[in-house]
$ cat protein.pdb   # PDB, C-alpha atoms and all ligand atoms
ATOM      1  CA  MET A   1     -55.307  -0.104  54.311  1.00  0.00           C
ATOM      2  CA  THR A   2     -55.215   3.078  56.452  1.00  0.00           C
ATOM      3  CA  GLY A   3     -56.359   6.657  56.732  1.00  0.00           C
ATOM      4  CA  LEU A   4     -53.444   7.879  54.629  1.00  0.00           C
ATOM      5  CA  LYS A   5     -55.060   9.828  51.777  1.00  0.00           C
ATOM      6  CA  SER A   6     -52.634  12.607  51.047  1.00  0.00           C
ATOM      7  CA  VAL A   7     -48.870  12.761  51.525  1.00  0.00           C
ATOM      8  CA  CYS A   8     -46.726  15.866  51.287  1.00  0.00           C
ATOM      9  CA  VAL A   9     -43.345  15.187  49.679  1.00  0.00           C
ATOM     10  CA  TYR A  10     -40.424  17.545  50.337  1.00  0.00           C
ATOM     11  CA  CYS A  11     -37.537  17.085  47.918  1.00  0.00           C
ATOM     12  CA  GLY A  12     -34.787  18.780  45.946  1.00  0.00           C
ATOM     13  CA  SER A  13     -35.444  21.128  43.035  1.00  0.00           C
ATOM     14  CA  SER A  14     -32.016  20.602  41.440  1.00  0.00           C
ATOM     15  CA  ASN A  15     -31.725  18.823  38.076  1.00  0.00           C
ATOM     16  CA  ASP A  16     -27.965  18.396  38.478  1.00  0.00           C
ATOM     17  CA  VAL A  17     -28.085  15.508  40.911  1.00  0.00           C
ATOM     18  CA  LYS A  18     -27.219  11.831  40.381  1.00  0.00           C
ATOM     19  CA  PRO A  19     -29.872  10.131  38.229  1.00  0.00           C
ATOM     20  CA  ASP A  20     -30.489   7.629  41.056  1.00  0.00           C
ATOM     21  CA  TYR A  21     -32.074  10.406  43.125  1.00  0.00           C
ATOM     22  CA  LEU A  22     -34.428  11.361  40.303  1.00  0.00           C
ATOM     23  CA  ARG A  23     -35.291   7.697  39.848  1.00  0.00           C
ATOM     24  CA  LEU A  24     -36.104   7.318  43.546  1.00  0.00           C
ATOM     25  CA  ALA A  25     -38.449  10.329  43.294  1.00  0.00           C
ATOM     26  CA  GLN A  26     -40.094   8.675  40.299  1.00  0.00           C
ATOM     27  CA  ASP A  27     -40.442   5.346  42.145  1.00  0.00           C
ATOM     28  CA  LEU A  28     -42.058   7.126  45.063  1.00  0.00           C
ATOM     29  CA  GLY A  29     -44.486   8.846  42.677  1.00  0.00           C
ATOM     30  CA  ARG A  30     -45.460   5.524  41.091  1.00  0.00           C
ATOM     31  CA  THR A  31     -45.978   3.931  44.500  1.00  0.00           C
ATOM     32  CA  LEU A  32     -48.206   6.798  45.646  1.00  0.00           C
ATOM     33  CA  ALA A  33     -50.310   6.528  42.492  1.00  0.00           C
ATOM     34  CA  GLN A  34     -50.621   2.767  42.891  1.00  0.00           C
ATOM     35  CA  LYS A  35     -51.822   3.171  46.473  1.00  0.00           C
ATOM     36  CA  ASN A  36     -54.259   5.976  45.609  1.00  0.00           C
ATOM     37  CA  ILE A  37     -52.462   8.408  47.862  1.00  0.00           C
ATOM     38  CA  ARG A  38     -52.502  11.994  46.630  1.00  0.00           C
ATOM     39  CA  LEU A  39     -49.180  13.797  46.254  1.00  0.00           C
ATOM     40  CA  VAL A  40     -49.024  17.301  47.722  1.00  0.00           C
ATOM     41  CA  TYR A  41     -45.838  19.095  46.752  1.00  0.00           C
ATOM     42  CA  GLY A  42     -44.291  22.448  45.898  1.00  0.00           C
ATOM     43  CA  GLY A  43     -45.676  22.516  42.349  1.00  0.00           C
ATOM     44  CA  GLY A  44     -42.415  22.638  40.414  1.00  0.00           C
ATOM     45  CA  GLY A  45     -41.478  20.761  37.257  1.00  0.00           C
ATOM     46  CA  VAL A  46     -37.775  20.635  38.124  1.00  0.00           C
ATOM     47  CA  GLY A  47     -35.511  18.195  39.951  1.00  0.00           C
ATOM     48  CA  LEU A  48     -36.937  15.487  42.186  1.00  0.00           C
ATOM     49  CA  MET A  49     -40.129  17.563  42.550  1.00  0.00           C
ATOM     50  CA  GLY A  50     -40.877  17.312  38.835  1.00  0.00           C
ATOM     51  CA  ALA A  51     -39.792  13.650  38.641  1.00  0.00           C
ATOM     52  CA  CYS A  52     -42.108  12.625  41.459  1.00  0.00           C
ATOM     53  CA  ALA A  53     -45.119  14.661  40.269  1.00  0.00           C
ATOM     54  CA  ARG A  54     -44.797  13.485  36.632  1.00  0.00           C
ATOM     55  CA  ALA A  55     -44.655   9.857  37.780  1.00  0.00           C
ATOM     56  CA  VAL A  56     -47.815  10.197  39.905  1.00  0.00           C
ATOM     57  CA  HIS A  57     -49.639  11.981  37.085  1.00  0.00           C
ATOM     58  CA  SER A  58     -48.593   9.582  34.321  1.00  0.00           C
ATOM     59  CA  ASP A  59     -49.688   6.610  36.442  1.00  0.00           C
ATOM     60  CA  GLY A  60     -53.149   8.133  36.908  1.00  0.00           C
ATOM     61  CA  GLY A  61     -52.648   9.401  40.464  1.00  0.00           C
ATOM     62  CA  GLU A  62     -53.744  12.671  42.020  1.00  0.00           C
ATOM     63  CA  VAL A  63     -51.408  15.617  42.541  1.00  0.00           C
ATOM     64  CA  LEU A  64     -51.749  19.032  44.149  1.00  0.00           C
ATOM     65  CA  GLY A  65     -48.935  21.526  43.581  1.00  0.00           C
ATOM     66  CA  ILE A  66     -48.588  24.689  45.656  1.00  0.00           C
ATOM     67  CA  MET A  67     -46.348  27.354  44.195  1.00  0.00           C
ATOM     68  CA  PRO A  68     -45.516  30.883  45.310  1.00  0.00           C
ATOM     69  CA  ARG A  69     -45.981  33.410  42.520  1.00  0.00           C
ATOM     70  CA  PHE A  70     -42.383  34.661  42.597  1.00  0.00           C
ATOM     71  CA  LEU A  71     -41.007  31.157  41.892  1.00  0.00           C
ATOM     72  CA  LEU A  72     -43.223  30.430  38.876  1.00  0.00           C
ATOM     73  CA  GLN A  73     -40.380  30.960  36.390  1.00  0.00           C
ATOM     74  CA  LYS A  74     -37.552  29.487  38.410  1.00  0.00           C
ATOM     75  CA  GLU A  75     -39.250  26.253  39.484  1.00  0.00           C
ATOM     76  CA  ARG A  76     -41.267  25.954  36.258  1.00  0.00           C
ATOM     77  CA  ILE A  77     -44.701  24.917  37.458  1.00  0.00           C
ATOM     78  CA  PHE A  78     -45.938  21.506  36.289  1.00  0.00           C
ATOM     79  CA  GLU A  79     -49.036  22.758  34.441  1.00  0.00           C
ATOM     80  CA  ASP A  80     -50.687  19.373  33.832  1.00  0.00           C
ATOM     81  CA  VAL A  81     -51.769  18.883  37.437  1.00  0.00           C
ATOM     82  CA  PRO A  82     -54.024  20.937  39.729  1.00  0.00           C
ATOM     83  CA  HIS A  83     -52.106  23.676  41.490  1.00  0.00           C
ATOM     84  CA  GLU A  84     -52.556  26.700  43.702  1.00  0.00           C
ATOM     85  CA  ILE A  85     -50.545  29.879  43.229  1.00  0.00           C
ATOM     86  CA  VAL A  86     -49.918  31.511  46.599  1.00  0.00           C
ATOM     87  CA  ASP A  87     -48.376  34.808  47.669  1.00  0.00           C
ATOM     88  CA  ASP A  88     -45.337  33.672  49.623  1.00  0.00           C
ATOM     89  CA  MET A  89     -43.272  30.801  51.033  1.00  0.00           C
ATOM     90  CA  HIS A  90     -45.092  30.818  54.365  1.00  0.00           C
ATOM     91  CA  THR A  91     -48.452  30.336  52.686  1.00  0.00           C
ATOM     92  CA  ARG A  92     -47.005  27.575  50.514  1.00  0.00           C
ATOM     93  CA  LYS A  93     -45.718  25.721  53.544  1.00  0.00           C
ATOM     94  CA  GLN A  94     -48.961  26.180  55.474  1.00  0.00           C
ATOM     95  CA  ARG A  95     -51.104  24.989  52.529  1.00  0.00           C
ATOM     96  CA  MET A  96     -48.874  21.949  51.972  1.00  0.00           C
ATOM     97  CA  PHE A  97     -49.267  21.136  55.672  1.00  0.00           C
ATOM     98  CA  ASP A  98     -53.053  21.680  55.647  1.00  0.00           C
ATOM     99  CA  GLU A  99     -53.593  19.419  52.634  1.00  0.00           C
ATOM    100  CA  SER A 100     -51.597  16.404  53.913  1.00  0.00           C
ATOM    101  CA  ASP A 101     -51.878  13.608  56.453  1.00  0.00           C
ATOM    102  CA  ALA A 102     -48.146  12.875  56.601  1.00  0.00           C
ATOM    103  CA  PHE A 103     -44.773  13.838  55.092  1.00  0.00           C
ATOM    104  CA  ILE A 104     -42.021  12.099  53.143  1.00  0.00           C
ATOM    105  CA  VAL A 105     -38.627  13.773  52.814  1.00  0.00           C
ATOM    106  CA  LEU A 106     -36.570  12.745  49.778  1.00  0.00           C
ATOM    107  CA  PRO A 107     -32.982  13.898  49.225  1.00  0.00           C
ATOM    108  CA  GLY A 108     -32.829  17.650  48.764  1.00  0.00           C
ATOM    109  CA  GLY A 109     -31.077  20.889  49.601  1.00  0.00           C
ATOM    110  CA  ILE A 110     -31.613  23.805  51.951  1.00  0.00           C
ATOM    111  CA  GLY A 111     -35.273  24.237  50.976  1.00  0.00           C
ATOM    112  CA  THR A 112     -36.079  20.579  51.628  1.00  0.00           C
ATOM    113  CA  LEU A 113     -34.244  20.623  54.934  1.00  0.00           C
ATOM    114  CA  GLU A 114     -35.943  23.837  56.010  1.00  0.00           C
ATOM    115  CA  GLU A 115     -39.423  22.509  55.233  1.00  0.00           C
ATOM    116  CA  ALA A 116     -38.791  19.182  57.008  1.00  0.00           C
ATOM    117  CA  VAL A 117     -37.223  20.773  60.076  1.00  0.00           C
ATOM    118  CA  GLU A 118     -40.040  23.284  60.403  1.00  0.00           C
ATOM    119  CA  MET A 119     -42.621  20.476  60.405  1.00  0.00           C
ATOM    120  CA  LEU A 120     -40.540  18.595  63.006  1.00  0.00           C
ATOM    121  CA  SER A 121     -40.348  21.712  65.134  1.00  0.00           C
ATOM    122  CA  TRP A 122     -44.139  22.169  64.946  1.00  0.00           C
ATOM    123  CA  ALA A 123     -44.491  18.513  66.047  1.00  0.00           C
ATOM    124  CA  ARG A 124     -42.015  19.131  68.888  1.00  0.00           C
ATOM    125  CA  LEU A 125     -44.210  22.039  70.036  1.00  0.00           C
ATOM    126  CA  GLY A 126     -47.289  19.809  69.967  1.00  0.00           C
ATOM    127  CA  LEU A 127     -48.873  21.778  67.113  1.00  0.00           C
ATOM    128  CA  HIS A 128     -49.504  18.624  65.082  1.00  0.00           C
ATOM    129  CA  ALA A 129     -49.063  14.862  65.167  1.00  0.00           C
ATOM    130  CA  LYS A 130     -48.670  14.143  61.450  1.00  0.00           C
ATOM    131  CA  PRO A 131     -45.900  11.572  60.903  1.00  0.00           C
ATOM    132  CA  MET A 132     -42.799  12.138  58.781  1.00  0.00           C
ATOM    133  CA  ALA A 133     -40.411   9.671  57.119  1.00  0.00           C
ATOM    134  CA  PHE A 134     -37.039  10.482  55.566  1.00  0.00           C
ATOM    135  CA  LEU A 135     -36.478   8.356  52.474  1.00  0.00           C
ATOM    136  CA  ASP A 136     -33.192   7.565  50.761  1.00  0.00           C
ATOM    137  CA  GLU A 137     -31.509   4.498  49.271  1.00  0.00           C
ATOM    138  CA  ASP A 138     -27.911   5.460  49.919  1.00  0.00           C
ATOM    139  CA  GLY A 139     -27.875   6.957  53.411  1.00  0.00           C
ATOM    140  CA  PHE A 140     -28.192  10.524  52.086  1.00  0.00           C
ATOM    141  CA  TRP A 141     -29.947  11.570  55.306  1.00  0.00           C
ATOM    142  CA  ALA A 142     -27.592   9.706  57.689  1.00  0.00           C
ATOM    143  CA  PRO A 143     -25.681  12.901  58.674  1.00  0.00           C
ATOM    144  CA  PHE A 144     -28.984  14.547  59.596  1.00  0.00           C
ATOM    145  CA  PHE A 145     -29.857  11.574  61.820  1.00  0.00           C
ATOM    146  CA  GLU A 146     -26.393  11.789  63.414  1.00  0.00           C
ATOM    147  CA  LEU A 147     -27.014  15.471  64.114  1.00  0.00           C
ATOM    148  CA  MET A 148     -30.386  14.703  65.677  1.00  0.00           C
ATOM    149  CA  ASP A 149     -28.798  11.982  67.866  1.00  0.00           C
ATOM    150  CA  HIS A 150     -26.197  14.538  68.932  1.00  0.00           C
ATOM    151  CA  ILE A 151     -28.915  17.072  69.794  1.00  0.00           C
ATOM    152  CA  ILE A 152     -30.968  14.512  71.733  1.00  0.00           C
ATOM    153  CA  ASP A 153     -27.869  13.093  73.486  1.00  0.00           C
ATOM    154  CA  GLY A 154     -27.109  16.667  74.562  1.00  0.00           C
ATOM    155  CA  ARG A 155     -30.647  16.865  76.016  1.00  0.00           C
ATOM    156  CA  PHE A 156     -31.649  19.829  73.870  1.00  0.00           C
ATOM    157  CA  THR A 157     -34.561  17.769  72.606  1.00  0.00           C
ATOM    158  CA  PRO A 158     -36.272  15.075  74.701  1.00  0.00           C
ATOM    159  CA  GLU A 159     -35.475  11.387  74.236  1.00  0.00           C
ATOM    160  CA  GLU A 160     -39.109  10.675  73.249  1.00  0.00           C
ATOM    161  CA  PHE A 161     -38.588  12.744  70.095  1.00  0.00           C
ATOM    162  CA  ARG A 162     -36.423   9.950  68.606  1.00  0.00           C
ATOM    163  CA  ALA A 163     -39.670   8.133  67.778  1.00  0.00           C
ATOM    164  CA  ALA A 164     -40.597  10.986  65.425  1.00  0.00           C
ATOM    165  CA  LEU A 165     -37.404  10.482  63.414  1.00  0.00           C
ATOM    166  CA  VAL A 166     -38.102   7.770  60.863  1.00  0.00           C
ATOM    167  CA  HIS A 167     -35.543   6.730  58.239  1.00  0.00           C
ATOM    168  CA  GLU A 168     -36.581   4.311  55.471  1.00  0.00           C
ATOM    169  CA  HIS A 169     -34.955   3.097  52.273  1.00  0.00           C
ATOM    170  CA  THR A 170     -37.781   2.164  49.922  1.00  0.00           C
ATOM    171  CA  PRO A 171     -40.986   4.020  49.013  1.00  0.00           C
ATOM    172  CA  GLU A 172     -43.027   1.029  50.243  1.00  0.00           C
ATOM    173  CA  ALA A 173     -41.312   1.038  53.634  1.00  0.00           C
ATOM    174  CA  ALA A 174     -41.672   4.809  54.011  1.00  0.00           C
ATOM    175  CA  ILE A 175     -45.398   4.694  53.219  1.00  0.00           C
ATOM    176  CA  GLN A 176     -45.897   1.709  55.526  1.00  0.00           C
ATOM    177  CA  ALA A 177     -44.100   3.525  58.368  1.00  0.00           C
ATOM    178  CA  LEU A 178     -46.429   6.504  57.913  1.00  0.00           C
ATOM    179  CA  CYS A 179     -49.501   4.247  57.774  1.00  0.00           C
ATOM    180  CA  ASP A 180     -48.467   2.515  61.021  1.00  0.00           C
ATOM    181  CA  ARG A 181     -48.091   5.871  62.755  1.00  0.00           C
ATOM    182  CA  VAL A 182     -51.321   7.336  61.395  1.00  0.00           C
ATOM    183  CA  VAL A 183     -53.165   4.217  62.622  1.00  0.00           C
ATOM    184  CA  LYS A 184     -51.505   4.443  66.044  1.00  0.00           C
ATOM    185  CA  LEU A 185     -52.441   8.104  66.362  1.00  0.00           C
ATOM    186  CA  GLY A 186     -55.990   7.287  65.338  1.00  0.00           C
ATOM    187  CA  ASP A 187     -56.299   4.505  67.984  1.00  0.00           C
TER
HETATM  188  P1  LIG B   1     -34.170  22.678  47.613  1.00  0.00           P
HETATM  189  O1  LIG B   1     -34.142  21.461  48.505  1.00  0.00           O
HETATM  190  O2  LIG B   1     -33.283  23.784  48.113  1.00  0.00           O
HETATM  191  O3  LIG B   1     -33.947  22.332  46.180  1.00  0.00           O
HETATM  192  O4  LIG B   1     -35.644  23.256  47.738  1.00  0.00           O
HETATM  193  C1  LIG B   1     -36.744  22.413  47.570  1.00  0.00           C
HETATM  194  C2  LIG B   1     -38.013  23.207  47.571  1.00  0.00           C
HETATM  195  O5  LIG B   1     -38.170  23.879  48.820  1.00  0.00           O
HETATM  196  C3  LIG B   1     -38.058  24.302  46.500  1.00  0.00           C
HETATM  197  O6  LIG B   1     -39.350  24.266  45.913  1.00  0.00           O
HETATM  198  C4  LIG B   1     -37.922  25.579  47.310  1.00  0.00           C
HETATM  199  O7  LIG B   1     -38.592  26.637  46.686  1.00  0.00           O
HETATM  200  C5  LIG B   1     -38.630  25.191  48.576  1.00  0.00           C
HETATM  201  N1  LIG B   1     -38.332  26.059  49.704  1.00  0.00           N
HETATM  202  C6  LIG B   1     -37.160  26.640  50.021  1.00  0.00           C
HETATM  203  N2  LIG B   1     -37.278  27.394  51.151  1.00  0.00           N
HETATM  204  C7  LIG B   1     -38.584  27.311  51.523  1.00  0.00           C
HETATM  205  C8  LIG B   1     -39.380  27.890  52.565  1.00  0.00           C
HETATM  206  N3  LIG B   1     -38.841  28.720  53.458  1.00  0.00           N
HETATM  207  N4  LIG B   1     -40.690  27.572  52.624  1.00  0.00           N
HETATM  208  C9  LIG B   1     -41.246  26.760  51.719  1.00  0.00           C
HETATM  209  N5  LIG B   1     -40.561  26.184  50.707  1.00  0.00           N
HETATM  210  C10 LIG B   1     -39.253  26.459  50.602  1.00  0.00           C
END
$ encode --input "protein.pdb" --output "structure tokens"
Amino acid sequence: MTGLKSVCVYCGSSNDVKPDYLRLAQDLGRTLAQKNIRLVYGGGGVGLMGACARAVHSDGGEVLGIMPRFLLQKERIFEDVPHEIVDDMHTRKQRMFDESDAFIVLPGGIGTLEEAVEMLSWARLGLHAKPMAFLDEDGFWAPFFELMDHIIDGRFTPEEFRAALVHEHTPEAAIQALCDRVVKLGD
């Protein structure tokens, strides 16, 4: 297939969301396992994070969790998979970046948004060229894409950056979009 070996997934840690979101996280986990793509994620056992990681693990796939020490209780680390305990959020984010070839952003809250936007801003600054895809089934991320259109239309971010903003609606399509971009970058 492609050079996509390891994908970092950013997603919500809340358990109180609609079951469809947890199911999408699970579907993504199964698809990653089936394609032998390692999941790199924040290490938690809660919310979409836990749903995705458990699905990869139970389908025989590889997972790496990266958890800051101070969140061990709150985000309840998923002990069954390999994980690193790091000192702070910055190190977590850097290690998740280092260990992945590309990113998928599932529905989530402030933390998810912050992680995704930071990676986009690093790409904007030319610090990396790892592709990112936002994944939802119900248009969850549509307001974010509207905001980005607004920002680009206002010329705060160059037109070319639109190509970095990928919105897909199935795990297969999201992974394929990342594969296409990794191949293009490798050309
Ligand atoms: P949320 O989308 O708010 O449920 O958060 C999803 C994940 O992002 C959780 O594991 C948070 O701990 C994590 N997170 C929140 N802020 C940051 C940050 N500044 N750096 C790295 N991870 C973060």
$ resolve_selection --input "protein.pdb" --expression "the PyMOL selection byres (((not hetatm)) within 6 of (chain B and resi 1))" --output "compact mmCIF listing (two decimals) with C-alpha atoms, in the frame of the given file"
# COMPACT_ATOMS: atom_id res chain seq x y z
CA CYS A 11 -37.54 17.08 47.92
CA GLY A 12 -34.79 18.78 45.95
CA SER A 13 -35.44 21.13 43.04
CA SER A 14 -32.02 20.60 41.44
CA GLY A 42 -44.29 22.45 45.90
CA MET A 89 -43.27 30.80 51.03
CA HIS A 90 -45.09 30.82 54.36
CA ARG A 92 -47.00 27.58 50.51
CA LYS A 93 -45.72 25.72 53.54
CA GLY A 108 -32.83 17.65 48.76
CA GLY A 109 -31.08 20.89 49.60
CA ILE A 110 -31.61 23.80 51.95
CA GLY A 111 -35.27 24.24 50.98
CA THR A 112 -36.08 20.58 51.63
CA GLU A 115 -39.42 22.51 55.23
$ residues_near_point --input "protein.pdb" --point "(-42.9, 18.4, 59.0)" --cutoff "10 Å" --atoms "all atoms listed in the file" --output "PyMOL selection string"
chain A and resi 8-10+93+96-97+102-105+113-124+128-133
$ resolve_selection --input "protein.pdb" --expression "the PyMOL selection byres (((chain A and resi 152-167) around 9) and not hetatm)" --output "ChimeraX atom specification"
/A:120,123-124,131-136,141-142,145,147-151,168-169,174,177-178
$ write_last_selection --input "protein.pdb" --atoms "C-alpha atoms" --output "compact mmCIF listing (two decimals), in the coordinates of the input"
# COMPACT_ATOMS: atom_id res chain seq x y z
CA LEU A 120 -40.54 18.60 63.01
CA ALA A 123 -44.49 18.51 66.05
CA ARG A 124 -42.02 19.13 68.89
CA PRO A 131 -45.90 11.57 60.90
CA MET A 132 -42.80 12.14 58.78
CA ALA A 133 -40.41 9.67 57.12
CA PHE A 134 -37.04 10.48 55.57
CA LEU A 135 -36.48 8.36 52.47
CA ASP A 136 -33.19 7.56 50.76
CA TRP A 141 -29.95 11.57 55.31
CA ALA A 142 -27.59 9.71 57.69
CA PHE A 145 -29.86 11.57 61.82
CA LEU A 147 -27.01 15.47 64.11
CA MET A 148 -30.39 14.70 65.68
CA ASP A 149 -28.80 11.98 67.87
CA HIS A 150 -26.20 14.54 68.93
CA ILE A 151 -28.92 17.07 69.79
CA GLU A 168 -36.58 4.31 55.47
CA HIS A 169 -34.96 3.10 52.27
CA ALA A 174 -41.67 4.81 54.01
CA ALA A 177 -44.10 3.52 58.37
CA LEU A 178 -46.43 6.50 57.91
$ closest_residue --input "protein.pdb" --among "A:Gly126, A:Gly44, A:Gln73, A:Pro107" --to "Pro143 in chain A" --atoms "all atoms listed in the file"
A:Pro107
$ residues_around --input "protein.pdb" --residues "Arg76 in chain A" --least-positions-apart "6" --cutoff "10 Å" --atoms "only C-alpha atoms" --output "PDB file with C-alpha atoms, in the frame of the given file"
ATOM      1  CA  GLY A  43     -45.676  22.516  42.349  1.00  0.00           C
ATOM      2  CA  GLY A  44     -42.415  22.638  40.414  1.00  0.00           C
ATOM      3  CA  GLY A  45     -41.478  20.761  37.257  1.00  0.00           C
ATOM      4  CA  VAL A  46     -37.775  20.635  38.124  1.00  0.00           C
ATOM      5  CA  GLY A  50     -40.877  17.312  38.835  1.00  0.00           C
ATOM      6  CA  MET A  67     -46.348  27.354  44.195  1.00  0.00           C
TER       7      MET A  67
END
$ resolve_selection --input "protein.pdb" --expression "the PyMOL selection byres (((chain A and resi 65) around 9) and not hetatm)" --output "VMD selection string"
chain A and resid 39 to 44 53 63 to 64 66 to 67 77 to 78 81 to 85 96
$ atom_distance --input "protein.pdb" --atom1 "CA of Leu106 in chain A" --atom2 "CA of Asp87 in chain A"
25.1 Å
$ atom_distance --input "protein.pdb" --atom1 "CA of Val7 in chain A" --atom2 "CA of Ile37 in chain A"
6.7 Å
$ atom_distance --input "protein.pdb" --atom1 "CA of Pro19 in chain A" --atom2 "CA of Thr170 in chain A"
16.2 Å
$ residues_around --input "protein.pdb" --residues "Gly61 in chain A" --least-positions-apart "2" --cutoff "8 Å" --atoms "all atoms listed in the file" --output "list in words"
Leu32, Ala33, Gln34, Asn36, Ile37, Arg38, Val56, His57, Ser58, Asp59 and Val63 of chain A
$ write_last_selection --input "protein.pdb" --atoms "C-alpha atoms" --output "mmCIF file, in the frame of the given file"
data_model
loop_
_atom_site.group_PDB
_atom_site.id
_atom_site.type_symbol
_atom_site.label_atom_id
_atom_site.label_comp_id
_atom_site.auth_asym_id
_atom_site.auth_seq_id
_atom_site.Cartn_x
_atom_site.Cartn_y
_atom_site.Cartn_z
ATOM 1 C CA LEU A 32 -48.206 6.798 45.646
ATOM 2 C CA ALA A 33 -50.310 6.528 42.492
ATOM 3 C CA GLN A 34 -50.621 2.767 42.891
ATOM 4 C CA ASN A 36 -54.259 5.976 45.609
ATOM 5 C CA ILE A 37 -52.462 8.408 47.862
ATOM 6 C CA ARG A 38 -52.502 11.994 46.630
ATOM 7 C CA VAL A 56 -47.815 10.197 39.905
ATOM 8 C CA HIS A 57 -49.639 11.981 37.085
ATOM 9 C CA SER A 58 -48.593 9.582 34.321
ATOM 10 C CA ASP A 59 -49.688 6.610 36.442
ATOM 11 C CA VAL A 63 -51.408 15.617 42.541
#
$ axis_aligned_box --input "protein.pdb" --around "range 127-137 of chain A" --padding-each-side "6 Å" --output "JSON"
{"center_x": -40.5, "center_y": 13.1, "center_z": 58.2, "size_x": 30.0, "size_y": 29.3, "size_z": 29.8}
$ closest_residue --input "protein.pdb" --among "A:Leu22, A:Asp80, A:Leu71, A:Asp88" --to "Cys52 in chain A" --atoms "all atoms listed in the file"
A:Leu22
$ residues_around --input "protein.pdb" --residues "Arg23 in chain A" --least-positions-apart "6" --cutoff "10 Å" --atoms "only C-alpha atoms" --output "list in words"
Gly29, Leu48, Ala51, Cys52 and Ala55 of chain A
$ closest_residue --input "protein.pdb" --among "A:Glu75, A:Glu99, A:Glu146, A:Glu137" --to "Asn15 in chain A" --atoms "only C-alpha atoms"
A:Glu75
$ closest_residue --input "protein.pdb" --among "A:Glu62, A:Glu172, A:Asp101, A:Asp20" --to "Gly47 in chain A" --atoms "only C-alpha atoms"
A:Asp20
$ decode --input "protein.pdb" --residues "range 85-98 of chain A" --atoms "N, CA and C atoms" --output "PDB file, in the first residue's frame"
ATOM      1  N   ILE A  85       5.032   7.183  29.989  1.00  0.00           N
ATOM      2  CA  ILE A  85       4.562   8.209  30.924  1.00  0.00           C
ATOM      3  C   ILE A  85       5.537   9.380  30.809  1.00  0.00           C
ATOM      4  N   VAL A  86       5.014  10.545  30.485  1.00  0.00           N
ATOM      5  CA  VAL A  86       5.891  11.704  30.271  1.00  0.00           C
ATOM      6  C   VAL A  86       5.586  12.777  31.321  1.00  0.00           C
ATOM      7  N   ASP A  87       6.445  13.797  31.357  1.00  0.00           N
ATOM      8  CA  ASP A  87       6.338  14.786  32.437  1.00  0.00           C
ATOM      9  C   ASP A  87       5.248  15.825  32.236  1.00  0.00           C
ATOM     10  N   ASP A  88       4.960  16.177  30.990  1.00  0.00           N
ATOM     11  CA  ASP A  88       3.997  17.267  30.790  1.00  0.00           C
ATOM     12  C   ASP A  88       3.317  17.163  29.430  1.00  0.00           C
ATOM     13  N   MET A  89       2.360  18.064  29.201  1.00  0.00           N
ATOM     14  CA  MET A  89       1.565  18.054  27.970  1.00  0.00           C
ATOM     15  C   MET A  89       2.432  18.312  26.738  1.00  0.00           C
ATOM     16  N   HIS A  90       3.420  19.178  26.886  1.00  0.00           N
ATOM     17  CA  HIS A  90       4.267  19.502  25.729  1.00  0.00           C
ATOM     18  C   HIS A  90       5.021  18.263  25.258  1.00  0.00           C
ATOM     19  N   THR A  91       5.546  17.526  26.250  1.00  0.00           N
ATOM     20  CA  THR A  91       6.301  16.313  25.892  1.00  0.00           C
ATOM     21  C   THR A  91       5.363  15.289  25.259  1.00  0.00           C
ATOM     22  N   ARG A  92       4.147  15.188  25.804  1.00  0.00           N
ATOM     23  CA  ARG A  92       3.181  14.251  25.223  1.00  0.00           C
ATOM     24  C   ARG A  92       2.959  14.589  23.751  1.00  0.00           C
ATOM     25  N   LYS A  93       2.699  15.846  23.491  1.00  0.00           N
ATOM     26  CA  LYS A  93       2.391  16.259  22.122  1.00  0.00           C
ATOM     27  C   LYS A  93       3.580  16.026  21.203  1.00  0.00           C
ATOM     28  N   GLN A  94       4.774  16.340  21.689  1.00  0.00           N
ATOM     29  CA  GLN A  94       5.980  16.154  20.874  1.00  0.00           C
ATOM     30  C   GLN A  94       6.203  14.664  20.587  1.00  0.00           C
ATOM     31  N   ARG A  95       6.029  13.807  21.609  1.00  0.00           N
ATOM     32  CA  ARG A  95       6.256  12.370  21.409  1.00  0.00           C
ATOM     33  C   ARG A  95       5.207  11.788  20.457  1.00  0.00           C
ATOM     34  N   MET A  96       3.967  12.234  20.578  1.00  0.00           N
ATOM     35  CA  MET A  96       2.926  11.753  19.660  1.00  0.00           C
ATOM     36  C   MET A  96       3.289  12.150  18.227  1.00  0.00           C
ATOM     37  N   PHE A  97       3.782  13.365  18.065  1.00  0.00           N
ATOM     38  CA  PHE A  97       4.214  13.835  16.742  1.00  0.00           C
ATOM     39  C   PHE A  97       5.375  12.979  16.231  1.00  0.00           C
ATOM     40  N   ASP A  98       6.400  12.804  17.080  1.00  0.00           N
ATOM     41  CA  ASP A  98       7.611  12.079  16.660  1.00  0.00           C
ATOM     42  C   ASP A  98       7.292  10.659  16.198  1.00  0.00           C
TER      43      ASP A  98
END
